[in-house]
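**Student:** Take this structure, written in structure tokens, and hold onto it; I'll ask about it next.
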Number of protein chains: 4
Amino acid sequence: MIIVLKADVEADSPEVQRLIQTAESYPDVHTQLHRIQGATRSVTEVYLLGSTGVIPTEPFQEFACVERVVRVTEKYRSIGRHSGGLDAVGFEYNGVHVSQDSFHPFPGLCAVDRRENVEEMFRALHERGLKTSRAGAYKPRTSPYDFQGHGAACLPYVFELAGKYDIRIIAMEVTHESHLEEIQKALAESGQATGVMLQIGTRNAQNFELLKAVGQQTELPVLFKRGMGITLEESLNACEYVASGGNRRIVFCLRGMKTNLGDPHRNFVDFGHVPVVKRLTRLPVCIDPSHSVGRRSMAPDGLLDVFHVTAQGVIAGANLVLVDFHPHPEEALCDGPQALLMEELAPFLEDLSIAREAYEQRLRRVAVPPAES
Amino acid sequence: MIIVLKADVEADSPEVQRLIQTAESYPDVHTQLHRIQGATRSVTEVYLLGSTGVIPTEPFQEFACVERVVRVTEKYRSIGRHSGGLDAVGFEYNGVHVSQDSFHPFPGLCAVDRRENVEEMFRALHERGLKTSRAGAYKPRTSPYDFQGHGAACLPYVFELAGKYDIRIIAMEVTHESHLEEIQKALAESGQATGVMLQIGTRNAQNFELLKAVGQQTELPVLFKRGMGITLEESLNACEYVASGGNRRIVFCLRGMKTNLGDPHRNFVDFGHVPVVKRLTRLPVCIDPSHSVGRRSMAPDGLLDVFHVTAQGVIAGANLVLVDFHPHPEEALCDGPQALLMEELAPFLEDLSIAREAYEQRLRRVAVPPAES
Amino acid sequence: MIIVLKADVEADSPEVQRLIQTAESYPDVHTQLHRIQGATRSVTEVYLLGSTGVIPTEPFQEFACVERVVRVTEKYRSIGRHSGGLDAVGFEYNGVHVSQDSFHPFPGLCAVDRRENVEEMFRALHERGLKTSRAGAYKPRTSPYDFQGHGAACLPYVFELAGKYDIRIIAMEVTHESHLEEIQKALAESGQATGVMLQIGTRNAQNFELLKAVGQQTELPVLFKRGMGITLEESLNACEYVASGGNRRIVFCLRGMKTNLGDPHRNFVDFGHVPVVKRLTRLPVCIDPSHSVGRRSMAPDGLLDVFHVTAQGVIAGANLVLVDFHPHPEEALCDGPQALLMEELAPFLEDLSIAREAYEQRLRRVAVPPAES
Amino acid sequence: MIIVLKADVEADSPEVQRLIQTAESYPDVHTQLHRIQGATRSVTEVYLLGSTGVIPTEPFQEFACVERVVRVTEKYRSIGRHSGGLDAVGFEYNGVHVSQDSFHPFPGLCAVDRRENVEEMFRALHERGLKTSRAGAYKPRTSPYDFQGHGAACLPYVFELAGKYDIRIIAMEVTHESHLEEIQKALAESGQATGVMLQIGTRNAQNFELLKAVGQQTELPVLFKRGMGITLEESLNACEYVASGGNRRIVFCLRGMKTNLGDPHRNFVDFGHVPVVKRLTRLPVCIDPSHSVGRRSMAPDGLLDVFHVTAQGVIAGANLVLVDFHPHPEEALCDGPQALLMEELAPFLEDLSIAREAYEQRLRRVAVPPAES
């Protein structure tokens, strides 16, 4: 059961204390307090855990500080919307607000190779006013004989350069809990020059031990990539492993599904699930057009498939866009063929704007007149 | 081998006759003449069939009437782009131009049930200035014990009402060659009150005998729905059965793929393939959001999933949108739960416009400056 | 509702007439009489059709001629087991008994090419005492430009040779209702020299019009191949189209499913479904190892994959085995690479015997002592 | 490049030393020596690693101690057969020989719940002369709120009981590298009362860090379960992560693939891949019928589907059978519904014997007369 408190209520007020005492007076019930800081407002929620099945909701609804009492279902207990009972407030990290309403592109290097390329990338983003990027240090590769990423060795210069060009969040994949420590250490040594969003790759979508590890720290947010051969429900259940550890700053990322029905794309583009994830969960939704399409094919209308599927995700409300760029794709140590070129950055961002503006226009149409909604 | 003639060349001019004689002078080679009537221009093509592998292209390129000579590959011989060698001219039918550049929504009844519902549907379209719709008379159902459609019995009033409300094309599924004759007879009896685009359903995507039947007549265009468990390549090969019969007025329709990876949608939305089909073939591309999504779920932003995936198809350049509406879904004899309501027609068309306008805006950006393209 | 009559009851006996009158006295109910001729016994069933939901079963159970009254569920109304309520009696055709207990290999040519090859094939089968084979005259091919089979032209010599070598049943694919007529005409002209089991290919698994056509004649049995991208439930529903037309002599064939999860086999071998189809339906089950595996790879133990998967189907109780052989695979006009060679016929049949004997041994173990079962 | 030495050659003989010196005289080449102990013979192999592409094979073939020189392909470098160039020797562990020729059932508890159930299980196996079993201590569950296994706490009594009943190998899943240490510690504390084969579950099939961890120790063998939504090739590549670490004692396990095309089975039974894995790799092949089928459905012939698919795997040459039993399925904390009952142990083993005997009979037929093969 989740008790959503009213906006102006202090968590340590006497009334909230009484509410908590009331809740804990039931046998085998304990509580957790969650404060979620969004951009325009913050929400405080009291979680009742344990044998809550028999607890009535009425006694709590009568507290003046309570906005709503939501009985949560088994499914997606922490990340779920519970049939619309809970709002998607999102989170704030390193000055960037991420929610089901926000919009941030994350262009960057799939894998860090050379310092020069990282700098060229970040500089270009900075020139366009972007503060979010991606950069891979730990690369899980299908074959053990392929390049596995520079690992911790590249973190100092990646973070230093991010700081130099005012990049606030870097999405970075981790494949082992030790990577968290390495990243946190390197961030500290850089004087917190930037922020990192820990990315869980599709191959680790059901690596529950890793999910627990990133869920049990609350410093860094998590970008969870959908598992490639499992249903959406199974991926959302796996994502619960992160949330159940205590970390609620989670982004859910669509990246295409593995089935030859999606050929000639590398994966079957699944961005039709953008509205579905927003309905089922409170999580902001990211799309990864590069790994979905996996190639640089162009439609006869002069637009690359990567542009097209990105526009598709965005016009349906995607909140983040993880996209591979590379100043010199021929130097890329992995996934070079799918990377966009630096001269495509401006056109890509313009194309994004058109699609995002179209989404907002669609929203405005639904929202009028607001009185009826 | 395909010889594309210049725009102003008459097919019966002496030079074209000489060209044909030259072509047929090679052993085991015969020719076919195709005239494709687009909206802004028409194209005449001479097909060289038979043992064309050894024929040189040079002798033909020297004819003054020839614009281009394209050696076609085995793949998608008739419908293919042949690596961009051929343009997608589209076709004109009953006053409506359909091509990879045009845009037409086809809202309508999945299955005709009562005359009143057909009339209500067509009247609403007429009020909005639409001239294209869908209406199912022959319904292939998963179980033999389900409603199978009214068949030929409903055609007279469907065509009469279409004429009354100035509907120029009705997309209508056929599952047997006899349906073609029934439709042509009923159209004739209605005084050609409207036009029919013959729809091949996903279950018949590899019913080659039916494909040959609709391909061997050239009166009515064909809307081919992608097969649900086969690759895109296999569907395009099947589509060749229509084209190889002689009928080039074909639309390719994406309608979602059958795999539980797309749950909770009824089918896995495959509109990421819109640019792919336009690149591989000369065919206009249709999307069917109703059968892809299969339900009336709404995202927290207030837009139905059906609206979202439609916008996704359109912003990537879809040319037709087949969508289920019903004045009284509770009366619908099939697929009622996925139908949009009449009061949703205006919002749907507005939403469409936003997405189409965004697509055109994206195109304009690519096209400027045209000098470089 | 299905009323199973006792073994020795005559369908035209006064008691059965009274039973039928009783049934038809209910409003909107009519009856059908089915006599199923098995090898060891025959069964007569009275089908109650129409509004049978409200009819009680007791009045019928009291008739002395009645063995059992089974209320059928919606699912698989005609072909279903109805939770074990109905037995799988099988059928007799041209002297061959086919049921869930019988076992018959159908080795033969995937596609008829030359008379000599047909003769060589049939002669080899005859020498081994086999009376069942396959021979394709109508071939549905993925591309319209591939060889489509010799069609009606080859039927006279195929049937003549079958008669000469005492082949009693040839499994032969049909893709259009006109093929039925051609086959029946050619059979008549051959003096019924052999019998034909009409094969519905996987691409036509949901071509409901064709299914109705083969279902509405009762002369020739039908071998229904599972649809390649649909669930087992959907294939069984499609199979109902045959049965609901009146033809109950149906064999269900597993032939592998289309998904790259089955690579490097051409299709994902699905013979784990042999016991499932036997449980859900009354139909004998066929396996097609050639199209499942699609290549001549050999395991390090010296046995071809085709041998291995065949043994897998048979040890789990498969009743028919459709398998491609060719005297000269290099001459084969389709699927040559997967065909077994004539010198492999004897080893194949021996391998089959080992697997079948193992199945029967497994059965004997379960069946002893019968008192406890 | 792999140099296979003759059977009686000592690895430290002067000739082998000279061979190694020769190999390492090429620039950027180093060597590794592998001694594989099979049941009937042992094999010593010298691996040449590094820039071996330009090294000729002739100089090595001339050494008297050399049996064969195999140039390995990129694919499956360590586990591969390299087109039959390498034999599958298998391995010996705790007195049990495991290879592509051996056969061992591993019946046991999917998850350890109570000491009494473990004891009942092991005692029953002991009474039947079995020395191999399964027992799950660490359970990765789809939802974080499900029972996750007793972990290290149950190891002492599991190993003690295994010792008491002479169980030589327990297959036990690990989901984190710390579990290795826990298991090794508990084994040591039990006085090496038994042996453990580390099982990598399907969800961790591409958890490369875990694969490296189990690959870098060589004490305990590894049972690798195929990934559920990836191709066989991708699973084999993942398996290379284990082998490339140095541990060659690997078993590859088929456990069904996740796709609704396999319904009503829990997973699509993939035992048609038994001969494929044996051809592509040197690994012994295990089947897991319990997780494939996932239910206790019975065919009309009186045999459970689990029995049927087991027989299918075994008649095609499977080497291990991992199968869930439980003395009291209603007490099972996970996967109870698919477990076989203790009274089914004897019938199951008899059924296994029939299938294994059929496989061996098939082999004998191929092998005779050896002169011709």
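Chain labels A, B, ... are given in the sequence in which chains occur in the structure tokens; within each chain residues are numbered consecutively from 1, and ligands are likewise numbered from 1 in the order shown.
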Within 6 Å of chain D, which residues of chain A show up when using only C-alpha atoms, listed as a list in words?
**Tutor:** Ser143, Pro144, Arg203, Asn204, Gln206, Asn207, Gly229, Asn237 and Tyr241 of chain A
**Student:** Using only C-alpha atoms, determine which residues lie at most 8 Å from B:Thr194, disregarding the query and same-chain residues fewer than 6 positions distant; provide the list as an MDAnalysis selection string.
**Tutor:** chainID B and resid 94 159 162:163 166:170 187
**Student:** Okay, now the selection with N, CA, C and O atoms, as a PDB file, in the first residue's frame?
**Tutor:**
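Done, and the output landed in part-v4.pdb:
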ATOM      1  N   ASN B  94      -9.590   5.882 -60.070  1.00  0.00           N
ATOM      2  CA  ASN B  94     -10.885   6.517 -59.800  1.00  0.00           C
ATOM      3  C   ASN B  94     -10.713   7.939 -59.256  1.00  0.00           C
ATOM      4  O   ASN B  94     -11.392   8.341 -58.305  1.00  0.00           O
ATOM      5  N   PHE B 159     -21.936  -0.139 -52.129  1.00  0.00           N
ATOM      6  CA  PHE B 159     -21.486   0.656 -53.285  1.00  0.00           C
ATOM      7  C   PHE B 159     -22.427   1.839 -53.526  1.00  0.00           C
ATOM      8  O   PHE B 159     -21.984   2.945 -53.859  1.00  0.00           O
ATOM      9  N   ALA B 162     -21.608   4.394 -50.997  1.00  0.00           N
ATOM     10  CA  ALA B 162     -20.308   4.999 -51.316  1.00  0.00           C
ATOM     11  C   ALA B 162     -20.504   6.062 -52.390  1.00  0.00           C
ATOM     12  O   ALA B 162     -19.965   7.178 -52.309  1.00  0.00           O
ATOM     13  N   GLY B 163     -21.307   5.714 -53.404  1.00  0.00           N
ATOM     14  CA  GLY B 163     -21.579   6.684 -54.462  1.00  0.00           C
ATOM     15  C   GLY B 163     -22.285   7.914 -53.908  1.00  0.00           C
ATOM     16  O   GLY B 163     -21.922   9.067 -54.211  1.00  0.00           O
ATOM     17  N   ASP B 166     -19.844  10.086 -52.164  1.00  0.00           N
ATOM     18  CA  ASP B 166     -18.638  10.411 -52.941  1.00  0.00           C
ATOM     19  C   ASP B 166     -17.353   9.748 -52.415  1.00  0.00           C
ATOM     20  O   ASP B 166     -16.281  10.359 -52.413  1.00  0.00           O
ATOM     21  N   ILE B 167     -17.492   8.517 -51.963  1.00  0.00           N
ATOM     22  CA  ILE B 167     -16.303   7.740 -51.592  1.00  0.00           C
ATOM     23  C   ILE B 167     -15.747   7.146 -52.886  1.00  0.00           C
ATOM     24  O   ILE B 167     -16.461   6.442 -53.606  1.00  0.00           O
ATOM     25  N   ARG B 168     -14.476   7.408 -53.186  1.00  0.00           N
ATOM     26  CA  ARG B 168     -13.920   6.996 -54.471  1.00  0.00           C
ATOM     27  C   ARG B 168     -13.221   5.639 -54.413  1.00  0.00           C
ATOM     28  O   ARG B 168     -13.132   4.949 -55.418  1.00  0.00           O
ATOM     29  N   ILE B 169     -12.673   5.291 -53.259  1.00  0.00           N
ATOM     30  CA  ILE B 169     -12.040   3.965 -53.132  1.00  0.00           C
ATOM     31  C   ILE B 169     -12.427   3.330 -51.800  1.00  0.00           C
ATOM     32  O   ILE B 169     -12.326   3.969 -50.744  1.00  0.00           O
ATOM     33  N   ILE B 170     -12.868   2.092 -51.872  1.00  0.00           N
ATOM     34  CA  ILE B 170     -13.107   1.290 -50.668  1.00  0.00           C
ATOM     35  C   ILE B 170     -12.085   0.156 -50.667  1.00  0.00           C
ATOM     36  O   ILE B 170     -12.003  -0.602 -51.637  1.00  0.00           O
ATOM     37  N   LEU B 187     -20.133  -3.705 -58.781  1.00  0.00           N
ATOM     38  CA  LEU B 187     -19.685  -2.355 -59.159  1.00  0.00           C
ATOM     39  C   LEU B 187     -20.372  -1.931 -60.456  1.00  0.00           C
ATOM     40  O   LEU B 187     -20.866  -0.796 -60.572  1.00  0.00           O
TER      41      LEU B 187
END
**Student:** Using only C-alpha atoms, which residues sit within 12 Å of stretch 20-33 of chain D once same-chain residues fewer than 3 positions away are excluded, as a PyMOL selection string?
**Tutor:** chain D and resi 1-5+10-17+36+43-60+62-63+65-66+244+246
**Student:** Extract, using only C-alpha atoms, all DNA, RNA and protein residues at most 6 Å from stretch 276-281 of chain A, discarding same-chain residues fewer than 3 positions from it, and format them as a list in words.
**Tutor:**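 So, after excluding close chain neighbours, the residues are Ile79, Gly80, Arg81 and His273 of chain A; Ala299 and Pro300 of chain B.
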**Student:** Can you write just those residues out, N, CA, C and O atoms, as a PDB file, in the first residue's frame?
**Tutor:**
ATOM      1  N   ILE A  79       7.722   0.094  -9.501  1.00  0.00           N
ATOM      2  CA  ILE A  79       7.808   0.962 -10.679  1.00  0.00           C
ATOM      3  C   ILE A  79       6.450   1.191 -11.324  1.00  0.00           C
ATOM      4  O   ILE A  79       6.309   2.041 -12.193  1.00  0.00           O
ATOM      5  N   GLY A  80       5.419   0.427 -10.872  1.00  0.00           N
ATOM      6  CA  GLY A  80       4.136   0.438 -11.564  1.00  0.00           C
ATOM      7  C   GLY A  80       3.300   1.691 -11.340  1.00  0.00           C
ATOM      8  O   GLY A  80       3.500   2.450 -10.386  1.00  0.00           O
ATOM      9  N   ARG A  81       2.355   1.901 -12.234  1.00  0.00           N
ATOM     10  CA  ARG A  81       1.395   2.997 -12.121  1.00  0.00           C
ATOM     11  C   ARG A  81       0.216   2.578 -11.249  1.00  0.00           C
ATOM     12  O   ARG A  81      -0.540   3.419 -10.791  1.00  0.00           O
ATOM     13  N   HIS A 273       6.076   0.636 -28.226  1.00  0.00           N
ATOM     14  CA  HIS A 273       5.887   0.398 -26.788  1.00  0.00           C
ATOM     15  C   HIS A 273       6.120   1.643 -25.937  1.00  0.00           C
ATOM     16  O   HIS A 273       5.956   1.576 -24.711  1.00  0.00           O
TER      17      HIS A 273
ATOM     18  N   ALA B 299      -2.501   6.072 -23.336  1.00  0.00           N
ATOM     19  CA  ALA B 299      -1.307   6.455 -22.593  1.00  0.00           C
ATOM     20  C   ALA B 299      -1.682   7.516 -21.560  1.00  0.00           C
ATOM     21  O   ALA B 299      -2.724   8.161 -21.680  1.00  0.00           O
ATOM     22  N   PRO B 300      -0.828   7.706 -20.543  1.00  0.00           N
ATOM     23  CA  PRO B 300      -1.142   8.716 -19.517  1.00  0.00           C
ATOM     24  C   PRO B 300      -1.214  10.136 -20.094  1.00  0.00           C
ATOM     25  O   PRO B 300      -1.759  11.017 -19.457  1.00  0.00           O
TER      26      PRO B 300
END
**Student:** When DSSP is applied to the backbone of this structure, which of stretch 107-263 of chain D are assigned strand (DSSP E)? Write them out as a list in words.
**Tutor:** Pro107, Gly108, Leu109, Thr132, Ser133, Arg134, Ala135, Ile169, Ile170, Ala171, Met172, Glu173, Gly195, Val196, Met197, Leu198, Gln199, Ile200, Val222, Leu223, Phe224, Lys225, Ile250, Val251, Phe252, Cys253 and Leu254 of chain D
**Student:** Extract, using only C-alpha atoms, all DNA, RNA and protein residues at most 7 Å from C:Asn319, discarding same-chain residues fewer than 3 positions from it, and format them as a list of chain:residue names.
**Tutor:** C:Gln100, C:Asp101, C:Ser102, C:Phe103, C:His104, C:Pro284, C:Val285, C:Cys286
**Student:** Could you tell me which of A:Gly256, A:Gly336, A:Gly151, A:Gly302 comes closest to B:Pro275 if we count only C-alpha atoms?
**Tutor:** A:Gly302
**Student:** Rounded to one decimal place, report the atom CA of D:Asn260-atom CA of B:Gly262 distance in Å.
**Tutor:**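 Going from atom CA of D:Asn260 over to atom CA of B:Gly262 covers 11.3 Å.
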